[in-house]
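Asker: Here it is, the structure, as structure tokens.
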Amino acid sequence: MRLYLDLETRNTYDIDNPLYKETAEILLFIYAFGDSEAKCWDCTDGSEMPPALRISLEKAEQGLVTILTFNGRPFDMSIIRHRYGYRVPEENQIDIRDVALRYCLPASLGKLTAVVGLAADEQKDKRGGYLIDLFCGPLANIKSIKKEAPYDLAFIKSLLAAGRVFCEPEDAPELWQDFIVYGIGDVESMRAAHNKMPTWNDTDKEQLLCAINHRINERGLRIDVDYASRMAQLVAEYKTRVADSVMDYTGGIKITSRAKFKAWVQAQLPGRDVPNTAKDTIERLTKEGDLPPVVAKVFELYGQSSSSSTAKYAKMVETAHPDTDRIHWYIDIRGAGTTGRYGAKGGIQVHNFPRPNILPWVIEHQRGAVMAGRRPKNLLRHAPSMLRQAIIPDPGHIFVNADLSSIEGRTMAWGSGFERQVQDYAGGVNAYFANGPMFGVSYDEMAVFKDSQDPVEYGMYMLGKVSELSMLYYGGVTALVGMGRNYGMPMGQIADMLYAEGLIPEQKMYEAEKCWNFVRLTARGRRAVDATRLSKQQWKVLDSVKRLWRDRHMPIVSFWYEIQRSLLAAWLTPEEPVAFGFEGRSEMMFMGDWFGIKLPSGRILSYFGASVGGAEKAERIMDPDWTPDSEEENEDDPTDRPVLLYHSFDRSGQLSRKPNIAHSGVIANNWNQGFAASVLDEGLIRADAEGWNPVLHIHDQIVGHVRIGDTERTPKALEALMCRPLEYAPGLPLKAQGEYLRAFAK
């Protein structure tokens, strides 16, 4: 049997406070058995829990009833446990919000009901927000009220004058009845939306993964509150100093005054492209060099103060439970969009921690200085890299961490049937070193160049790495330059070095010349070239690098073309699956308004409102002012071929007005990241079943929480667990690197 339920609660604590769920008062308990009419137990009238509801909750504890909620795993079910003691097994809970995310649908019930096409009387009642404001929070929190609200500010002030903390049912009996009707409608809308959603990913494995994710979120992450508090205080102090210094250098202009700051930067850099003062723009201008000293200093200060990640220290302190120092509900299953990777959720957004850019021993040294009460000179610059140090195991425990090595390279090689690279990975060949022969550099030389202090030699190693990372998904010069920026590599200088050393074949330069001419024919192409800030020769050299990489990775190139053919075949034969990839183990299909890509694991990537259209049509939709300068096709640009058009939803659940464009490279990316996520899924299932008590996982990483001295659960054991053969991917060469950690790291 299925039991749908929803609670309306109140508390003097803010809803994000970790104590809210433990101390909340339940006002309304709305429920429905299966398809029967929804009912409401008014918990404020002194009545006992209805027997049928009590019996169903008892059976749910025994695994005989499945409970369905919307965002109920972290909220309603926790309140029910604290209030009434019912502990329902995670496997017997279905959170309809999780179901929506597995199809890339809105995580907002109000938006979801509209998207799935419910009639107006079945959609979430929009008046509910006003009723929740009135009955579910302290009256003192209501500072303003919109005209359409069913009460006014004078009414609120009268209740406050009478000494009310909350609005009680007897204070507004008609609105209280409206509140009950709203609550009943919420459950009915939730159930109707669930019945309208697709079902192709509603598998036993997906339900198990939701349960595992629930257990991890409930287990929580322990925060070193003392360290986080010190860092939060120091960050605030340092940011104030930096802001004052910037004003000294700019003549009183604040960084936060965006328009004035942009105007100042543009005045200092005449002739340079300064579209805004966003972080990536400042980084680009810095990497381009030739900055006046005052600008270089201001940018240095800006870089120290602009990181929003440093606010996570204060958030850790704010959201950690006061009794356990733990944060909870930080992983969102399938929360990262189309690929179905896990996403960040709630307070500190652990998945979005910036990658450390300083060495581990520097992090340890800085942390030690902070805990000793000192104020390290470079603390603000290093603070984003030091965030992970705030996440620690329990006393007597240690983290066992393992990362899948080069997982996207491995899954792409396997899925595209690139047998040579599959064998290379299986034999321990480094894919970055293996790119050396493209430029006349041996594998062994590339291995030496990795640690070389010579800029030319190290540049060759980084070129092998950056090209491998940027080219997998139909990447070209723009992707190569962008990835180079991510690693602090000036790709223009790399191009000059390659040309000066005579490492680019003349034939490739000739082909690059033709591509240059094609790209420059359109306004879009010219914008793309200009954005790289490369000279023509530099652009041609890097385009030649792209061609050399593709020659060496022809099975991957063929995979892109196969995806393109399969997309068109699926569009022409709706409701018929089209197999593609290694041994035809993946499929794609159009299903009404949906497009789906079935991964080797069986999970389906879902695209809403999907169709196939030409890039010209897509560009006109995306940019009404765009007009092509030429009808001639750019043979090297995948967006000039028919593309997948689909719609997505923003964080608020709003449907995109313009369609997203997915050419074969984007589809390859989605397929590969989704497949890599499925590989991690298998590791999580094993880690949960075999007592590793995972507390965190991020993309390719699992962090187990074990007792110190546990001789079975070691880094080597976790590596082996994550690399067991997969029945649906025979021959996939997996490798992991494990370690013990006394604080979280990556």
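Chain labels run A, B, ... following the order of the structure tokens; each chain numbers its residues from 1, and ligands are numbered from 1 in the order shown.
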Hey, what's within 12 Å of Arg485 (chain A) if we count only C-alpha atoms and toss same-chain stuff fewer than 6 positions away? As a VMD selection string, please?

Answerer: chain A and resid 280 to 281 283 to 288 462 to 463 466 470 478 to 479 491 to 492 494 532

Asker: Out of region 336-454 of chain A, which residues get strand (DSSP E or B) from DSSP, as number ranges by chain?

Answerer: A: 343-344, 391-392, 397-404

Asker: For the residues selected in the previous step, produce a file with N, CA and C atoms as an mmCIF file, in the first residue's frame.

Answerer:
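Output file out09.cif follows:
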```cif
data_model
loop_
_atom_site.group_PDB
_atom_site.id
_atom_site.type_symbol
_atom_site.label_atom_id
_atom_site.label_comp_id
_atom_site.auth_asym_id
_atom_site.auth_seq_id
_atom_site.Cartn_x
_atom_site.Cartn_y
_atom_site.Cartn_z
ATOM 1 N N GLY A 343 24.421 16.172 -7.192
ATOM 2 C CA GLY A 343 24.667 17.596 -7.072
ATOM 3 C C GLY A 343 24.763 18.045 -5.635
ATOM 4 N N ALA A 344 25.151 19.304 -5.478
ATOM 5 C CA ALA A 344 25.239 19.903 -4.147
ATOM 6 C C ALA A 344 23.861 20.356 -3.694
ATOM 7 N N ILE A 391 36.191 19.638 7.414
ATOM 8 C CA ILE A 391 35.366 18.425 7.465
ATOM 9 C C ILE A 391 36.233 17.295 8.009
ATOM 10 N N ILE A 392 35.871 16.768 9.169
ATOM 11 C CA ILE A 392 36.726 15.823 9.877
ATOM 12 C C ILE A 392 35.929 14.594 10.316
ATOM 13 N N HIS A 397 37.948 7.627 14.590
ATOM 14 C CA HIS A 397 37.657 7.237 13.216
ATOM 15 C C HIS A 397 38.595 7.952 12.254
ATOM 16 N N ILE A 398 38.570 7.494 11.027
ATOM 17 C CA ILE A 398 39.374 8.102 9.977
ATOM 18 C C ILE A 398 38.616 7.982 8.668
ATOM 19 N N PHE A 399 38.852 8.915 7.770
ATOM 20 C CA PHE A 399 38.266 8.813 6.434
ATOM 21 C C PHE A 399 39.123 7.874 5.583
ATOM 22 N N VAL A 400 38.449 7.021 4.819
ATOM 23 C CA VAL A 400 39.118 6.260 3.767
ATOM 24 C C VAL A 400 38.563 6.781 2.453
ATOM 25 N N ASN A 401 39.431 7.384 1.669
ATOM 26 C CA ASN A 401 39.021 8.054 0.441
ATOM 27 C C ASN A 401 39.578 7.314 -0.765
ATOM 28 N N ALA A 402 38.797 7.252 -1.828
ATOM 29 C CA ALA A 402 39.304 6.705 -3.089
ATOM 30 C C ALA A 402 38.647 7.430 -4.250
ATOM 31 N N ASP A 403 39.451 7.705 -5.277
ATOM 32 C CA ASP A 403 38.986 8.364 -6.497
ATOM 33 C C ASP A 403 39.168 7.427 -7.681
ATOM 34 N N LEU A 404 38.170 7.361 -8.535
ATOM 35 C CA LEU A 404 38.330 6.668 -9.809
ATOM 36 C C LEU A 404 39.244 7.507 -10.699
#
```

Asker: Which residues are close to region 501-508 of chain A, i.e. within 8 Å by only C-alpha atoms, leaving aside same-chain residues fewer than 4 positions away? Reply as a PyMOL selection string.

Answerer: chain A and resi 439-440+497+512+541+544-545+547-548

Asker: Residues as selected, C-alpha atoms, written as a PDB file, in the first residue's frame, can you do that?

Answerer:
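To be explicit, this is the file written out as result.pdb:
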```pdb
ATOM      1  CA  PHE A 439      54.410  16.393 -31.428  1.00  0.00           C
ATOM      2  CA  GLY A 440      57.494  14.217 -31.864  1.00  0.00           C
ATOM      3  CA  MET A 497      56.633  27.454 -28.875  1.00  0.00           C
ATOM      4  CA  ALA A 512      43.937  24.836 -40.357  1.00  0.00           C
ATOM      5  CA  VAL A 541      48.721  26.044 -34.589  1.00  0.00           C
ATOM      6  CA  SER A 544      46.445  21.800 -35.907  1.00  0.00           C
ATOM      7  CA  VAL A 545      46.792  20.384 -32.382  1.00  0.00           C
ATOM      8  CA  ARG A 547      43.571  17.773 -35.838  1.00  0.00           C
ATOM      9  CA  LEU A 548      46.559  15.817 -34.542  1.00  0.00           C
TER      10      LEU A 548
END
```

Asker: Using only C-alpha atoms, tabulate the residues of region 335-371 of chain A lying at most 9 Å from any atom of region 663-679 of chain A, each with its closest atom pair and that distance in Å to one decimal, by chain and increasing residue number, as CSV.

Answerer:
```
residue,atom,partner,partner_atom,distance
A:Thr338,CA,A:Asn670,CA,6.8
A:Thr339,CA,A:Gly674,CA,4.5
A:Gly340,CA,A:Gly674,CA,5.9
A:Arg341,CA,A:Ala677,CA,5.5
A:Tyr342,CA,A:Ala677,CA,7.9
```

Asker: Would you save the residues of that selection, restricted to N, CA and C atoms, as a PDB file, in the first residue's frame?

Answerer:
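Wrote it out as result_38.pdb, contents follow:
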```
ATOM      1  N   THR A 338      21.118  17.083 -16.673  1.00  0.00           N
ATOM      2  CA  THR A 338      20.834  16.045 -17.645  1.00  0.00           C
ATOM      3  C   THR A 338      21.637  14.770 -17.421  1.00  0.00           C
ATOM      4  N   THR A 339      22.880  14.889 -16.999  1.00  0.00           N
ATOM      5  CA  THR A 339      23.732  13.715 -16.859  1.00  0.00           C
ATOM      6  C   THR A 339      23.297  12.793 -15.723  1.00  0.00           C
ATOM      7  N   GLY A 340      22.540  13.330 -14.779  1.00  0.00           N
ATOM      8  CA  GLY A 340      22.140  12.526 -13.632  1.00  0.00           C
ATOM      9  C   GLY A 340      23.225  12.354 -12.602  1.00  0.00           C
ATOM     10  N   ARG A 341      24.288  13.160 -12.681  1.00  0.00           N
ATOM     11  CA  ARG A 341      25.293  13.111 -11.625  1.00  0.00           C
ATOM     12  C   ARG A 341      24.697  13.699 -10.340  1.00  0.00           C
ATOM     13  N   TYR A 342      25.332  13.408  -9.232  1.00  0.00           N
ATOM     14  CA  TYR A 342      24.873  13.929  -7.954  1.00  0.00           C
ATOM     15  C   TYR A 342      25.263  15.396  -7.843  1.00  0.00           C
TER      16      TYR A 342
END
```

Asker: Write out as a ChimeraX atom specification all residues of region 290-385 of chain A that backbone DSSP assigns to helix (DSSP H, G or I).

Answerer: /A:293-305,308-319,350-352,360-371,379-385

Asker: Excluding Asp710 (chain A) and residues on its chain fewer than 3 positions from it, collect all residues at most 12 Å away from it, counting only C-alpha atoms, and give them as a list in words.

Answerer: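 The residues satisfying every condition are Gly396, His397, Ile398, Phe399, Val400, Gly691, Trp692, Gly704, His705, Val706, Arg707, Arg713, Thr714, Pro715, Ala717 and Tyr740 of chain A.
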
Asker: May I have the selected residues written with C-alpha atoms, as a compact mmCIF listing (two decimals), in the first residue's frame?

Answerer:
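Okay, this is what ended up in result_14.txt:
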```
# COMPACT_ATOMS: atom_id res chain seq x y z
CA GLY A 396 38.54 7.26 16.92
CA HIS A 397 37.66 7.24 13.22
CA ILE A 398 39.37 8.10 9.98
CA PHE A 399 38.27 8.81 6.43
CA VAL A 400 39.12 6.26 3.77
CA GLY A 691 29.91 -1.39 6.05
CA TRP A 692 32.05 1.48 4.78
CA GLY A 704 34.18 6.09 3.83
CA HIS A 705 34.12 6.64 7.61
CA VAL A 706 35.78 3.75 9.49
CA ARG A 707 37.27 3.05 12.88
CA ARG A 713 38.42 -1.39 5.30
CA THR A 714 41.65 0.06 3.98
CA PRO A 715 42.42 2.34 1.02
CA ALA A 717 40.19 -2.45 -0.18
CA TYR A 740 43.62 7.63 4.58
```

Asker: Skip Lys196 (chain A) itself and residues of its chain fewer than 6 positions away, then list as a PyMOL selection string all residues within 12 Å of it, counting only C-alpha atoms.

Answerer: chain A and resi 96+99-100+105+112-119+122+189-190

Asker: Restricting it to N, CA and C atoms, dump the selection as a PDB file, in the first residue's frame.

Answerer:
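Below you can see part-v1.pdb, which holds the result:
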```pdb
ATOM      1  N   ILE A  96       9.052  12.374  -4.034  1.00  0.00           N
ATOM      2  CA  ILE A  96       8.662  12.702  -5.402  1.00  0.00           C
ATOM      3  C   ILE A  96       9.561  13.789  -5.983  1.00  0.00           C
ATOM      4  N   VAL A  99      12.213  11.877  -7.606  1.00  0.00           N
ATOM      5  CA  VAL A  99      11.699  11.317  -8.855  1.00  0.00           C
ATOM      6  C   VAL A  99      11.731  12.374  -9.950  1.00  0.00           C
ATOM      7  N   ALA A 100      11.317  13.597  -9.625  1.00  0.00           N
ATOM      8  CA  ALA A 100      11.332  14.674 -10.621  1.00  0.00           C
ATOM      9  C   ALA A 100      12.744  14.926 -11.128  1.00  0.00           C
ATOM     10  N   LEU A 105      13.127  17.273 -14.248  1.00  0.00           N
ATOM     11  CA  LEU A 105      11.938  18.096 -14.071  1.00  0.00           C
ATOM     12  C   LEU A 105      12.120  18.995 -12.849  1.00  0.00           C
ATOM     13  N   LEU A 112       6.296  21.938 -10.983  1.00  0.00           N
ATOM     14  CA  LEU A 112       6.153  20.586 -11.514  1.00  0.00           C
ATOM     15  C   LEU A 112       4.724  20.312 -11.957  1.00  0.00           C
ATOM     16  N   THR A 113       3.740  20.731 -11.157  1.00  0.00           N
ATOM     17  CA  THR A 113       2.351  20.453 -11.513  1.00  0.00           C
ATOM     18  C   THR A 113       1.970  21.118 -12.829  1.00  0.00           C
ATOM     19  N   ALA A 114       2.537  22.302 -13.073  1.00  0.00           N
ATOM     20  CA  ALA A 114       2.245  22.987 -14.341  1.00  0.00           C
ATOM     21  C   ALA A 114       2.924  22.289 -15.509  1.00  0.00           C
ATOM     22  N   VAL A 115       4.169  21.840 -15.306  1.00  0.00           N
ATOM     23  CA  VAL A 115       4.940  21.233 -16.395  1.00  0.00           C
ATOM     24  C   VAL A 115       4.333  19.917 -16.851  1.00  0.00           C
ATOM     25  N   VAL A 116       3.848  19.108 -15.904  1.00  0.00           N
ATOM     26  CA  VAL A 116       3.315  17.799 -16.294  1.00  0.00           C
ATOM     27  C   VAL A 116       1.897  17.893 -16.836  1.00  0.00           C
ATOM     28  N   GLY A 117       1.356  19.109 -16.912  1.00  0.00           N
ATOM     29  CA  GLY A 117       0.084  19.314 -17.598  1.00  0.00           C
ATOM     30  C   GLY A 117      -1.148  19.068 -16.764  1.00  0.00           C
ATOM     31  N   LEU A 118      -1.076  19.296 -15.457  1.00  0.00           N
ATOM     32  CA  LEU A 118      -2.271  19.127 -14.629  1.00  0.00           C
ATOM     33  C   LEU A 118      -3.266  20.248 -14.897  1.00  0.00           C
ATOM     34  N   ALA A 119      -4.526  19.936 -14.762  1.00  0.00           N
ATOM     35  CA  ALA A 119      -5.568  20.956 -14.885  1.00  0.00           C
ATOM     36  C   ALA A 119      -5.413  21.972 -13.764  1.00  0.00           C
ATOM     37  N   GLU A 122      -6.044  21.012 -10.299  1.00  0.00           N
ATOM     38  CA  GLU A 122      -5.155  19.997  -9.731  1.00  0.00           C
ATOM     39  C   GLU A 122      -3.785  20.566  -9.387  1.00  0.00           C
ATOM     40  N   SER A 189      -2.246  17.306  -5.382  1.00  0.00           N
ATOM     41  CA  SER A 189      -1.407  17.770  -6.491  1.00  0.00           C
ATOM     42  C   SER A 189      -0.133  16.941  -6.590  1.00  0.00           C
ATOM     43  N   MET A 190       0.450  16.666  -5.431  1.00  0.00           N
ATOM     44  CA  MET A 190       1.663  15.861  -5.393  1.00  0.00           C
ATOM     45  C   MET A 190       1.412  14.479  -5.994  1.00  0.00           C
TER      46      MET A 190
END
```

Asker: Pick out the closest residue to Asn92 (chain A) from this set: A:Gln177, A:Ser257, A:Ser652, A:Gln62. Count only C-alpha atoms.

Answerer: A:Gln62

Asker: For CA of Ile331 (chain A) and CA of Ala314 (chain A), quote the distance in Å rounded to one decimal.

Answerer: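 Interatomic distance here is 19.3 Å.
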
Asker: Just the residues within 12 Å of Tyr86 (chain A), please, counting only C-alpha atoms, with nothing from its chain fewer than 6 positions along; format it as a list of chain:residue names.

Answerer: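 Residues meeting the cut-off are A:Leu53, A:Arg54, A:Ile55, A:Ser56, A:Leu57, A:Glu58, A:Lys59, A:Ala60, A:Glu61, A:Gln62, A:Gly63, A:Ile67, A:Asp76, A:Met77, A:Ser78, A:Ile79, A:Ile80.
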
Asker: Write out, as an mmCIF file, in the first residue's frame, the residues just selected, with N, CA, C and O atoms.

Answerer:
```
data_model
loop_
_atom_site.group_PDB
_atom_site.id
_atom_site.type_symbol
_atom_site.label_atom_id
_atom_site.label_comp_id
_atom_site.auth_asym_id
_atom_site.auth_seq_id
_atom_site.Cartn_x
_atom_site.Cartn_y
_atom_site.Cartn_z
ATOM 1 N N LEU A 53 -4.273 6.094 10.166
ATOM 2 C CA LEU A 53 -2.968 6.695 9.909
ATOM 3 C C LEU A 53 -1.912 6.071 10.814
ATOM 4 O O LEU A 53 -0.800 5.744 10.361
ATOM 5 N N ARG A 54 -2.261 5.886 12.088
ATOM 6 C CA ARG A 54 -1.303 5.289 13.026
ATOM 7 C C ARG A 54 -0.922 3.874 12.593
ATOM 8 O O ARG A 54 0.260 3.516 12.581
ATOM 9 N N ILE A 55 -1.897 3.088 12.189
ATOM 10 C CA ILE A 55 -1.624 1.704 11.768
ATOM 11 C C ILE A 55 -0.746 1.693 10.516
ATOM 12 O O ILE A 55 0.186 0.881 10.396
ATOM 13 N N SER A 56 -1.003 2.625 9.602
ATOM 14 C CA SER A 56 -0.209 2.679 8.369
ATOM 15 C C SER A 56 1.242 3.056 8.664
ATOM 16 O O SER A 56 2.170 2.512 8.052
ATOM 17 N N LEU A 57 1.455 3.977 9.590
ATOM 18 C CA LEU A 57 2.824 4.350 9.954
ATOM 19 C C LEU A 57 3.540 3.181 10.630
ATOM 20 O O LEU A 57 4.741 2.955 10.410
ATOM 21 N N GLU A 58 2.809 2.424 11.447
ATOM 22 C CA GLU A 58 3.407 1.251 12.086
ATOM 23 C C GLU A 58 3.786 0.211 11.038
ATOM 24 O O GLU A 58 4.861 -0.408 11.120
ATOM 25 N N LYS A 59 2.929 0.014 10.052
ATOM 26 C CA LYS A 59 3.241 -0.937 8.982
ATOM 27 C C LYS A 59 4.397 -0.441 8.114
ATOM 28 O O LYS A 59 5.201 -1.234 7.624
ATOM 29 N N ALA A 60 4.475 0.888 7.948
ATOM 30 C CA ALA A 60 5.591 1.446 7.179
ATOM 31 C C ALA A 60 6.915 1.151 7.875
ATOM 32 O O ALA A 60 7.929 0.864 7.229
ATOM 33 N N GLU A 61 6.917 1.210 9.222
ATOM 34 C CA GLU A 61 8.119 0.858 9.979
ATOM 35 C C GLU A 61 8.547 -0.578 9.704
ATOM 36 O O GLU A 61 9.738 -0.904 9.722
ATOM 37 N N GLN A 62 7.569 -1.446 9.450
ATOM 38 C CA GLN A 62 7.843 -2.861 9.191
ATOM 39 C C GLN A 62 8.138 -3.134 7.718
ATOM 40 O O GLN A 62 8.374 -4.276 7.325
ATOM 41 N N GLY A 63 8.116 -2.078 6.896
ATOM 42 C CA GLY A 63 8.389 -2.254 5.473
ATOM 43 C C GLY A 63 7.203 -2.728 4.674
ATOM 44 O O GLY A 63 7.354 -3.183 3.535
ATOM 45 N N ILE A 67 5.831 5.091 1.893
ATOM 46 C CA ILE A 67 5.408 6.470 2.144
ATOM 47 C C ILE A 67 5.956 7.371 1.048
ATOM 48 O O ILE A 67 7.147 7.312 0.718
ATOM 49 N N ASP A 76 9.743 16.174 6.315
ATOM 50 C CA ASP A 76 8.566 15.577 6.953
ATOM 51 C C ASP A 76 8.916 14.308 7.732
ATOM 52 O O ASP A 76 8.487 14.134 8.879
ATOM 53 N N MET A 77 9.704 13.413 7.098
ATOM 54 C CA MET A 77 9.991 12.141 7.757
ATOM 55 C C MET A 77 10.868 12.333 8.990
ATOM 56 O O MET A 77 10.738 11.593 9.971
ATOM 57 N N SER A 78 11.730 13.337 8.947
ATOM 58 C CA SER A 78 12.550 13.628 10.122
ATOM 59 C C SER A 78 11.692 14.164 11.268
ATOM 60 O O SER A 78 11.870 13.780 12.435
ATOM 61 N N ILE A 79 10.748 15.040 10.956
ATOM 62 C CA ILE A 79 9.859 15.592 11.991
ATOM 63 C C ILE A 79 8.985 14.488 12.587
ATOM 64 O O ILE A 79 8.793 14.420 13.813
ATOM 65 N N ILE A 80 8.467 13.618 11.736
ATOM 66 C CA ILE A 80 7.638 12.511 12.225
ATOM 67 C C ILE A 80 8.455 11.614 13.156
ATOM 68 O O ILE A 80 7.959 11.156 14.194
#
```

Asker: List the spatial neighbours of region 318-328 of chain A as a PyMOL selection string - criterion: any atom at most 10 Å away, only C-alpha atoms, same-chain residues fewer than 6 positions off excluded.

Answerer: chain A and resi 16-19+74+214+216-225+229+312+345-348+391-392+394+695

Asker: Write the selection just made, keeping N, CA and C atoms, as an mmCIF file, in the first residue's frame?

Answerer:
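Saved file again.cif follows:
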```
data_model
loop_
_atom_site.group_PDB
_atom_site.id
_atom_site.type_symbol
_atom_site.label_atom_id
_atom_site.label_comp_id
_atom_site.auth_asym_id
_atom_site.auth_seq_id
_atom_site.Cartn_x
_atom_site.Cartn_y
_atom_site.Cartn_z
ATOM 1 N N ASP A 16 15.799 26.617 8.252
ATOM 2 C CA ASP A 16 17.117 26.072 7.933
ATOM 3 C C ASP A 16 17.950 25.780 9.177
ATOM 4 N N ASN A 17 17.442 26.155 10.344
ATOM 5 C CA ASN A 17 18.164 25.881 11.573
ATOM 6 C C ASN A 17 18.154 24.374 11.840
ATOM 7 N N PRO A 18 19.307 23.791 12.205
ATOM 8 C CA PRO A 18 19.342 22.336 12.417
ATOM 9 C C PRO A 18 18.419 21.848 13.523
ATOM 10 N N LEU A 19 17.976 22.738 14.407
ATOM 11 C CA LEU A 19 17.082 22.338 15.489
ATOM 12 C C LEU A 19 15.606 22.390 15.088
ATOM 13 N N PRO A 74 14.268 14.808 3.821
ATOM 14 C CA PRO A 74 14.981 15.628 4.794
ATOM 15 C C PRO A 74 14.076 16.371 5.767
ATOM 16 N N HIS A 214 19.999 8.812 1.059
ATOM 17 C CA HIS A 214 19.308 9.226 2.287
ATOM 18 C C HIS A 214 20.167 8.889 3.509
ATOM 19 N N ILE A 216 23.372 8.440 3.712
ATOM 20 C CA ILE A 216 24.577 9.270 3.754
ATOM 21 C C ILE A 216 24.241 10.655 4.286
ATOM 22 N N ASN A 217 23.163 11.233 3.787
ATOM 23 C CA ASN A 217 22.756 12.562 4.247
ATOM 24 C C ASN A 217 22.370 12.560 5.725
ATOM 25 N N GLU A 218 21.721 11.491 6.168
ATOM 26 C CA GLU A 218 21.356 11.385 7.581
ATOM 27 C C GLU A 218 22.598 11.192 8.451
ATOM 28 N N ARG A 219 23.574 10.462 7.926
ATOM 29 C CA ARG A 219 24.815 10.224 8.679
ATOM 30 C C ARG A 219 25.518 11.540 8.933
ATOM 31 N N GLY A 220 25.585 12.368 7.910
ATOM 32 C CA GLY A 220 26.097 13.719 8.068
ATOM 33 C C GLY A 220 27.609 13.830 8.035
ATOM 34 N N LEU A 221 28.064 15.075 7.941
ATOM 35 C CA LEU A 221 29.485 15.410 7.943
ATOM 36 C C LEU A 221 29.806 16.190 9.216
ATOM 37 N N ARG A 222 30.849 15.768 9.900
ATOM 38 C CA ARG A 222 31.252 16.469 11.125
ATOM 39 C C ARG A 222 32.142 17.651 10.765
ATOM 40 N N ILE A 223 31.822 18.797 11.340
ATOM 41 C CA ILE A 223 32.556 20.036 11.087
ATOM 42 C C ILE A 223 33.476 20.338 12.265
ATOM 43 N N ASP A 224 34.704 20.715 11.961
ATOM 44 C CA ASP A 224 35.599 21.243 12.992
ATOM 45 C C ASP A 224 35.162 22.685 13.237
ATOM 46 N N VAL A 225 34.215 22.858 14.143
ATOM 47 C CA VAL A 225 33.566 24.155 14.355
ATOM 48 C C VAL A 225 34.568 25.200 14.844
ATOM 49 N N SER A 229 35.119 28.472 12.707
ATOM 50 C CA SER A 229 34.812 29.765 13.338
ATOM 51 C C SER A 229 35.988 30.722 13.220
ATOM 52 N N LYS A 312 31.604 29.971 2.984
ATOM 53 C CA LYS A 312 31.211 28.648 3.457
ATOM 54 C C LYS A 312 31.673 28.393 4.894
ATOM 55 N N LYS A 345 23.642 20.299 -2.399
ATOM 56 C CA LYS A 345 22.347 20.698 -1.849
ATOM 57 C C LYS A 345 22.563 21.381 -0.515
ATOM 58 N N GLY A 346 21.745 22.369 -0.226
ATOM 59 C CA GLY A 346 21.758 22.977 1.097
ATOM 60 C C GLY A 346 22.968 23.838 1.360
ATOM 61 N N GLY A 347 23.138 24.147 2.624
ATOM 62 C CA GLY A 347 24.107 25.091 3.160
ATOM 63 C C GLY A 347 25.432 25.276 2.465
ATOM 64 N N ILE A 348 26.397 24.367 2.706
ATOM 65 C CA ILE A 348 27.764 24.674 2.300
ATOM 66 C C ILE A 348 28.111 24.168 0.903
ATOM 67 N N ILE A 391 36.191 19.638 7.414
ATOM 68 C CA ILE A 391 35.366 18.425 7.465
ATOM 69 C C ILE A 391 36.233 17.295 8.009
ATOM 70 N N ILE A 392 35.871 16.768 9.169
ATOM 71 C CA ILE A 392 36.726 15.823 9.877
ATOM 72 C C ILE A 392 35.929 14.594 10.316
ATOM 73 N N ASP A 394 34.864 11.467 13.072
ATOM 74 C CA ASP A 394 34.584 11.404 14.506
ATOM 75 C C ASP A 394 35.834 10.954 15.261
ATOM 76 N N VAL A 695 30.238 8.850 3.942
ATOM 77 C CA VAL A 695 29.685 10.124 4.396
ATOM 78 C C VAL A 695 29.669 11.158 3.281
#
```

Asker: With only C-alpha atoms as the atoms that count, which of A:Ile15, A:Met591, A:Ala570, A:Ile698 lies nearest to Arg334 (chain A)?

Answerer: A:Ile698
